[in-house]
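> Got a file for you: model-v9.cif, mmCIF, C-alpha atoms.
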```cif
data_start
loop_
_atom_site.label_atom_id
_atom_site.label_comp_id
_atom_site.auth_asym_id
_atom_site.auth_seq_id
_atom_site.Cartn_x
_atom_site.Cartn_y
_atom_site.Cartn_z
CA MET O 21 139.90 130.24 49.23
CA GLU O 22 139.11 127.21 51.39
CA LYS O 23 141.68 124.53 51.93
CA ALA O 24 140.46 120.95 51.90
CA SER O 25 141.32 118.96 55.03
CA PRO O 26 142.96 115.53 54.67
CA LEU O 27 139.56 113.87 55.08
CA GLY O 28 138.08 115.88 52.27
CA PHE O 29 135.99 118.24 54.42
CA SER O 30 136.58 121.94 54.15
CA ARG O 31 137.73 123.69 57.29
CA ARG O 32 134.59 125.81 57.30
CA ALA O 33 132.29 122.79 57.02
CA VAL O 34 134.03 121.03 59.91
CA LEU O 35 133.93 124.13 62.11
CA SER O 36 130.30 124.92 61.44
CA ALA O 37 129.37 121.30 62.07
CA ALA O 38 131.23 121.45 65.38
CA VAL O 39 129.42 124.63 66.39
CA ALA O 40 126.06 123.20 65.42
CA GLY O 41 126.85 120.04 67.34
CA SER O 42 127.79 121.83 70.54
CA ALA O 43 124.78 124.12 70.26
CA GLY O 44 122.57 121.08 69.99
CA PHE O 45 124.26 119.57 73.01
CA ALA O 46 123.85 122.74 75.05
CA SER O 47 120.16 123.05 74.30
CA ALA O 48 119.62 119.39 75.19
CA ALA O 49 121.45 119.87 78.47
CA LEU O 50 119.48 122.98 79.39
CA ALA O 51 116.12 121.45 78.63
CA SER O 52 116.47 118.77 81.32
CA THR O 53 112.67 118.45 81.40
CA PRO O 54 110.62 117.52 79.52
CA THR O 55 112.61 115.79 76.78
CA PRO O 56 112.61 112.06 77.35
CA SER O 57 114.98 110.18 75.10
CA ASP O 58 113.63 107.49 72.82
CA ASP O 59 115.25 104.95 75.14
CA ALA O 60 113.28 106.24 78.12
CA ALA O 61 110.01 106.16 76.23
CA LYS O 62 110.76 102.58 75.16
CA VAL O 63 111.54 101.44 78.71
CA VAL O 64 108.27 102.90 79.96
CA GLU O 65 106.30 101.32 77.14
CA GLN O 66 107.85 97.91 77.77
CA LEU O 67 107.04 98.04 81.47
CA THR O 68 103.57 99.56 81.36
CA GLY O 69 102.30 98.85 77.84
CA LYS O 70 101.32 102.51 77.67
CA THR O 71 102.86 105.66 76.27
CA ALA O 72 103.96 108.28 78.76
CA ILE O 73 103.84 111.98 77.98
CA ALA O 74 106.84 114.11 78.90
CA SER O 75 105.67 116.63 81.47
CA ASP O 76 107.11 119.56 83.39
CA ARG O 77 104.66 118.83 86.22
CA LEU O 78 107.07 116.15 87.43
CA HIS O 79 110.26 117.21 89.13
CA LEU O 80 112.90 114.56 89.72
CA VAL O 81 115.69 116.23 91.65
CA MET O 82 118.99 114.36 91.89
CA PRO O 83 122.66 115.40 91.89
CA GLN O 84 124.12 115.49 88.38
CA VAL O 85 127.35 114.01 89.68
CA PHE O 86 127.61 111.88 92.81
CA PRO O 87 130.62 109.88 94.00
CA ASN O 88 128.82 107.03 95.73
CA GLY O 89 126.44 104.84 93.74
CA TYR O 90 125.23 103.10 96.91
CA THR O 91 123.24 105.99 98.29
CA VAL O 92 122.22 108.64 95.75
CA PRO O 93 119.71 111.20 97.07
CA LEU O 94 116.44 111.55 95.17
CA THR O 95 113.59 114.01 95.61
CA LEU O 96 110.36 113.80 93.70
CA VAL O 97 107.80 116.61 93.52
CA ILE O 98 104.66 116.53 91.40
CA ASP O 99 102.55 119.60 90.66
CA SER O 100 99.07 118.40 91.56
CA PRO O 101 96.18 119.86 93.57
CA MET O 102 95.57 116.36 95.05
CA THR O 103 91.78 116.70 94.89
CA GLU O 104 89.52 113.69 94.28
CA ALA O 105 89.01 114.92 90.70
CA ASN O 106 92.65 115.70 89.95
CA HIS O 107 95.49 113.88 91.65
CA VAL O 108 98.53 111.71 91.13
CA ARG O 109 97.98 108.09 92.14
CA LEU O 110 101.51 106.79 92.04
CA VAL O 111 104.97 107.53 90.76
CA SER O 112 107.39 104.84 89.67
CA VAL O 113 111.13 105.50 89.63
CA LEU O 114 113.19 103.53 87.10
CA ALA O 115 116.94 103.14 86.57
CA PRO O 116 117.20 101.52 83.11
CA ARG O 117 120.93 100.77 83.43
CA ASN O 118 120.67 99.03 86.78
CA PRO O 119 120.64 95.19 86.80
CA LEU O 120 117.04 95.51 88.09
CA VAL O 121 115.30 98.47 86.49
CA GLU O 122 112.53 99.18 89.02
CA VAL O 123 113.63 101.27 91.98
CA ALA O 124 110.48 102.15 93.92
CA VAL O 125 106.81 103.03 93.53
CA PHE O 126 105.35 105.83 95.67
CA HIS O 127 101.60 105.80 96.35
CA PHE O 128 99.80 109.02 97.22
CA VAL O 129 96.27 109.60 98.53
CA PRO O 130 94.19 112.66 97.52
CA GLN O 131 93.64 115.21 100.28
CA ARG O 132 95.82 113.16 102.65
CA SER O 133 99.39 113.05 101.34
CA GLU O 134 101.32 115.68 99.44
CA PRO O 135 102.90 114.56 96.15
CA ARG O 136 106.42 115.02 97.43
CA VAL O 137 108.96 112.48 98.70
CA SER O 138 112.70 112.06 99.26
CA THR O 139 114.79 108.91 99.62
CA ARG O 140 118.16 107.41 98.61
CA ILE O 141 118.76 104.91 95.84
CA ARG O 142 121.46 102.71 94.32
CA LEU O 143 122.76 103.28 90.79
CA ALA O 144 125.05 100.85 88.95
CA GLU O 145 126.44 103.34 86.43
CA PRO O 146 125.91 106.83 85.00
CA GLN O 147 122.44 106.95 83.47
CA TYR O 148 119.15 108.75 83.00
CA VAL O 149 116.88 108.05 85.97
CA LEU O 150 113.19 108.12 85.03
CA ALA O 151 110.06 109.01 86.97
CA VAL O 152 106.68 107.95 85.60
CA ALA O 153 103.52 109.27 87.25
CA GLU O 154 100.10 107.70 86.90
CA MET O 155 97.40 110.34 87.26
CA ASN O 156 93.85 109.60 88.46
CA ASP O 157 92.53 109.64 84.87
CA GLY O 158 95.04 106.95 83.91
CA THR O 159 97.41 109.12 81.89
CA LEU O 160 101.13 108.58 82.35
CA LEU O 161 103.47 111.54 82.72
CA MET O 162 107.22 111.17 82.73
CA THR O 163 110.48 113.00 83.24
CA GLU O 164 114.12 111.99 83.41
CA THR O 165 117.34 113.33 84.87
CA TRP O 166 120.97 112.47 84.17
CA VAL O 167 123.01 111.20 87.13
CA GLU O 168 126.69 110.36 86.96
CA VAL O 169 127.95 108.04 89.69
CA ALA O 170 131.59 107.12 90.21
CA THR O 171 131.08 103.76 91.92
CA ASN O 172 128.70 100.91 91.13
CA GLY O 173 126.09 100.81 93.91
CA CYS O 174 124.61 97.49 92.87
CA ARG O 175 127.51 95.20 93.78
CA MET C 23 123.10 91.57 110.90
CA SER C 24 121.61 93.44 113.79
CA THR C 25 117.84 93.61 114.26
CA PRO C 26 116.31 96.27 112.02
CA ALA C 27 115.37 99.27 114.13
CA PRO C 28 112.77 101.66 112.73
CA ARG C 29 112.76 105.35 113.63
CA VAL C 30 110.39 108.19 112.80
CA GLN C 31 110.48 111.92 113.29
CA VAL C 32 106.98 113.43 113.39
CA PRO C 33 105.66 116.61 115.04
CA SER C 34 103.47 115.92 118.07
CA ALA C 35 100.99 118.64 117.11
CA ALA C 36 99.79 120.31 113.91
CA ALA C 37 97.12 122.81 112.91
CA LYS C 38 94.08 121.48 111.06
CA GLY C 39 94.79 121.50 107.33
CA GLU C 40 98.52 121.99 107.84
CA VAL C 41 101.00 119.96 105.80
CA PHE C 42 103.62 118.36 108.04
CA GLN C 43 106.84 116.49 107.32
CA ILE C 44 107.58 112.93 108.36
CA ARG C 45 111.05 111.45 108.29
CA THR C 46 111.55 107.72 108.64
CA LEU C 47 114.57 105.46 108.75
CA ILE C 48 115.00 101.76 109.31
CA SER C 49 118.42 100.20 109.77
CA HIS C 50 118.37 97.36 107.25
CA GLN C 51 120.95 95.71 105.01
CA MET C 52 118.57 95.61 101.99
CA GLU C 53 120.34 92.51 100.66
CA THR C 54 119.67 92.66 96.92
CA GLY C 55 120.05 89.00 96.00
CA LEU C 56 122.67 90.03 93.43
CA ARG C 57 125.71 89.44 95.63
CA ARG C 58 127.67 86.22 96.17
CA ASP C 59 129.43 85.02 99.29
CA ASP C 60 133.04 83.74 99.54
CA GLN C 61 131.93 80.29 98.28
CA GLY C 62 130.38 81.85 95.19
CA ASP C 63 126.83 81.15 96.36
CA VAL C 64 124.17 83.80 95.84
CA ILE C 65 123.25 85.59 99.05
CA PRO C 66 119.43 85.38 99.06
CA ARG C 67 117.44 88.58 98.65
CA LYS C 68 116.14 90.12 101.86
CA ILE C 69 114.80 93.63 101.58
CA ILE C 70 112.07 95.80 103.03
CA ASN C 71 109.61 95.50 100.15
CA ARG C 72 106.78 97.69 101.39
CA PHE C 73 106.30 100.69 103.62
CA VAL C 74 102.85 101.91 104.65
CA CYS C 75 101.69 104.87 106.70
CA ARG C 76 98.19 104.73 108.22
CA TYR C 77 96.42 107.71 109.76
CA ASN C 78 93.65 106.51 112.09
CA ASP C 79 93.73 103.17 110.24
CA VAL C 80 93.39 104.72 106.77
CA ILE C 81 96.32 104.27 104.37
CA VAL C 82 97.56 107.75 103.48
CA PHE C 83 100.95 106.96 101.93
CA GLY C 84 102.81 103.87 100.75
CA ILE C 85 105.91 102.70 98.90
CA ASP C 86 106.78 99.52 97.02
CA LEU C 87 110.52 99.19 97.49
CA HIS C 88 112.70 97.26 95.07
CA GLU C 89 116.35 96.21 95.29
CA ALA C 90 117.66 99.61 94.20
CA VAL C 91 116.51 101.43 97.32
CA ALA C 92 119.66 102.12 99.34
CA ALA C 93 120.49 100.20 102.51
CA ASN C 94 118.96 101.66 105.67
CA PRO C 95 115.96 103.02 103.74
CA TYR C 96 115.34 106.67 104.51
CA VAL C 97 112.06 108.25 103.46
CA GLU C 98 110.83 111.78 103.90
CA PHE C 99 107.19 112.51 103.01
CA TYR C 100 104.38 114.94 103.76
CA LEU C 101 100.85 114.51 105.13
CA ARG C 102 97.94 116.86 105.67
CA ALA C 103 96.69 117.13 109.26
CA THR C 104 92.98 116.28 109.29
CA GLU C 105 92.18 115.15 112.84
CA SER C 106 93.91 114.09 116.04
CA GLY C 107 94.81 110.46 116.17
CA ARG C 108 97.27 107.68 115.62
CA LEU C 109 99.85 107.46 112.88
CA GLU C 110 101.08 103.94 112.26
CA PHE C 111 104.19 103.15 110.24
CA THR C 112 104.80 99.61 108.96
CA TRP C 113 107.81 98.17 107.17
CA GLU C 114 107.31 94.74 105.55
CA GLU C 115 110.34 92.53 105.00
CA ASP C 116 110.83 89.64 102.54
CA GLY C 117 109.62 86.51 104.31
CA GLY C 118 106.70 88.28 105.93
CA HIS C 119 108.23 89.85 109.02
CA THR C 120 107.00 93.36 109.78
CA TYR C 121 108.36 96.20 111.89
CA ALA C 122 106.04 98.91 113.16
CA LEU C 123 105.94 102.17 115.08
CA THR C 124 103.03 104.33 116.17
CA HIS C 125 102.84 108.02 116.91
CA GLN C 126 100.16 110.17 118.51
CA LEU C 127 99.33 113.40 116.67
CA THR C 128 97.28 116.22 118.17
CA VAL C 129 95.49 118.42 115.66
CA GLY C 130 94.32 121.73 117.09
#
```
Could you express the structure from this file as structure tokens?

Amino acid sequence: MEKASPLGFSRRAVLSAAVAGSAGFASAALASTPTPSDDAAKVVEQLTGKTAIASDRLHLVMPQVFPNGYTVPLTLVIDSPMTEANHVRLVSVLAPRNPLVEVAVFHFVPQRSEPRVSTRIRLAEPQYVLAVAEMNDGTLLMTETWVEVATNGCR
Amino acid sequence: MSTPAPRVQVPSAAAKGEVFQIRTLISHQMETGLRRDDQGDVIPRKIINRFVCRYNDVIVFGIDLHEAVAANPYVEFYLRATESGRLEFTWEEDGGHTYALTHQLTVG
């Protein structure tokens, strides 16, 4: 016999909802790529006027937690043969919760540069950092990664 | 603010077709234009807004930098060795000033 909780939900219903909720959270956390949130897709569409496709060819490597928002390490690797017929032209890094969203745009040249770069960026608050790649055929690929900073790096 | 000093770390030789690493750093405040001074006046933006690497005068890699690139911009990137020659690195600052370094690469 189930006992109704004060809010009117049965204990079983509350527990199973909690389990389902945490399972959903876990699967979202594991699938770091490629599952751009609606927010991310919207930001990209506003900035480029185009729709970006979530892709596991883009790897945006950043620490999940970092104490100092002034200098957060970032590494970007794109799976691309970099031939004339198939290459990545540029990758734009965006921080939607920074006062200024655009962080940097990296330009690559087929057969000359490898689609791989590392630098350090500022983040104002914990957020999803986005990378949007423009391929030579004009398609946009994107990925995002969650970064939690303890201090505001934009002050 | 002291004068921005660029630095690069590049191998002096590479095999033809080899991918080699380049590390660059320029000491620079990267003033974002978002901060205010003691009087409450906005400190004007002054950042390195573009970085370009040329290999025998051909652009092989570039970056458009915005305010959110950390102070003292550090960049690590990778090029393919095609022929011996000159690598030229240029940092462009708001206001038009540029800083440059060159490096001789021998491809065997």
> Need the shell around segment 69-77 of chain O: protein/DNA/RNA residues with any atom at most 12 Å away, counting only C-alpha atoms. Skip same-chain ones fewer than 2 positions apart. Format as a PyMOL selection string?
chain O and resi 51-58+60-67+79-80+96-101+107-108+112+135-136+150-155+158-164
> I need the residue nearest Asp79 of chain C from this list: C:Glu40, C:Glu53, C:Asp116, C:Glu110. Use all atoms listed in the file for the distance.
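For Asp79 of chain C, the nearest of the given residues is C:Glu110.
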> Using only C-alpha atoms and a cut-off of 6 Å, which residues of chain O sit close to chain C? Please list them as a list in words.
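Result, ordered by chain then number: Thr91, Val123, Ala124, Val125, Phe126, His127, Phe128, Val129, Arg132, Ser133, Glu134, Val137, Ser138, Thr139, Arg140, Ile141 and Arg142 of chain O.
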> Between C:Val30, C:Met52, C:Thr124, C:Glu105, which one has atoms that come closest to Ile69 of chain C, using all atoms listed in the file?
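The closest residue to Ile69 of chain C is C:Met52.
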> Suppose a student applies the PyMOL selection byres ((chain O and resi 131) around 6) to this structure; what residues should they get, written as number ranges by chain?
O: 102-103, 130, 132
> Applying the PyMOL selection byres ((chain C and resi 26) around 8) to the file I just gave you, which residues come out? Please list them as a list in words.
Ser24, Thr25, Ala27, Pro28, Ile48, Ser49, His50 and Tyr121 of chain C
> Which value, in Å to one decimal, gives the distance between atom CA of Ile70 of chain C and atom CA of Arg108 of chain C?
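Those two atoms sit 22.8 Å apart.
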> Edge lengths and centre in Å to one decimal, as lines of an AutoDock Vina configuration file, of the axis-aligned box that encloses all listed atoms of segment 49-64 of chain C with 5 Å added on every side?

```
center_x = 125.7
center_y = 90.2
center_z = 101.6
size_x = 24.7
size_y = 29.9
size_z = 26.3
```
> Just give me the residues with any atom within 7 Å of (96.4, 116.7, 121.1), file coordinates, counting only C-alpha atoms, written as a short mmCIF file (atom, residue, chain, number, x, y, z; two decimals) with C-alpha atoms, in the frame of the given file.

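Below is the file selection_19.cif, written as the result:
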```cif
data_model
loop_
_atom_site.label_atom_id
_atom_site.label_comp_id
_atom_site.auth_asym_id
_atom_site.auth_seq_id
_atom_site.Cartn_x
_atom_site.Cartn_y
_atom_site.Cartn_z
CA ALA C 35 100.99 118.64 117.11
CA SER C 106 93.91 114.09 116.04
CA LEU C 127 99.33 113.40 116.67
CA THR C 128 97.28 116.22 118.17
CA VAL C 129 95.49 118.42 115.66
CA GLY C 130 94.32 121.73 117.09
#
```
> Measuring between all atoms listed in the file, which one of C:Arg76, C:Lys38, C:Pro66, C:Asp59 shows the shortest distance to Trp113 of chain C?
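When distances to Trp113 of chain C are compared using all atoms listed in the file, the smallest one comes from C:Arg76.
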> At what distance in Å, to one decimal, does atom CA of Asn172 of chain O lie from atom CA of Pro119 of chain O?
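Here the two named atoms are 10.8 Å from each other.
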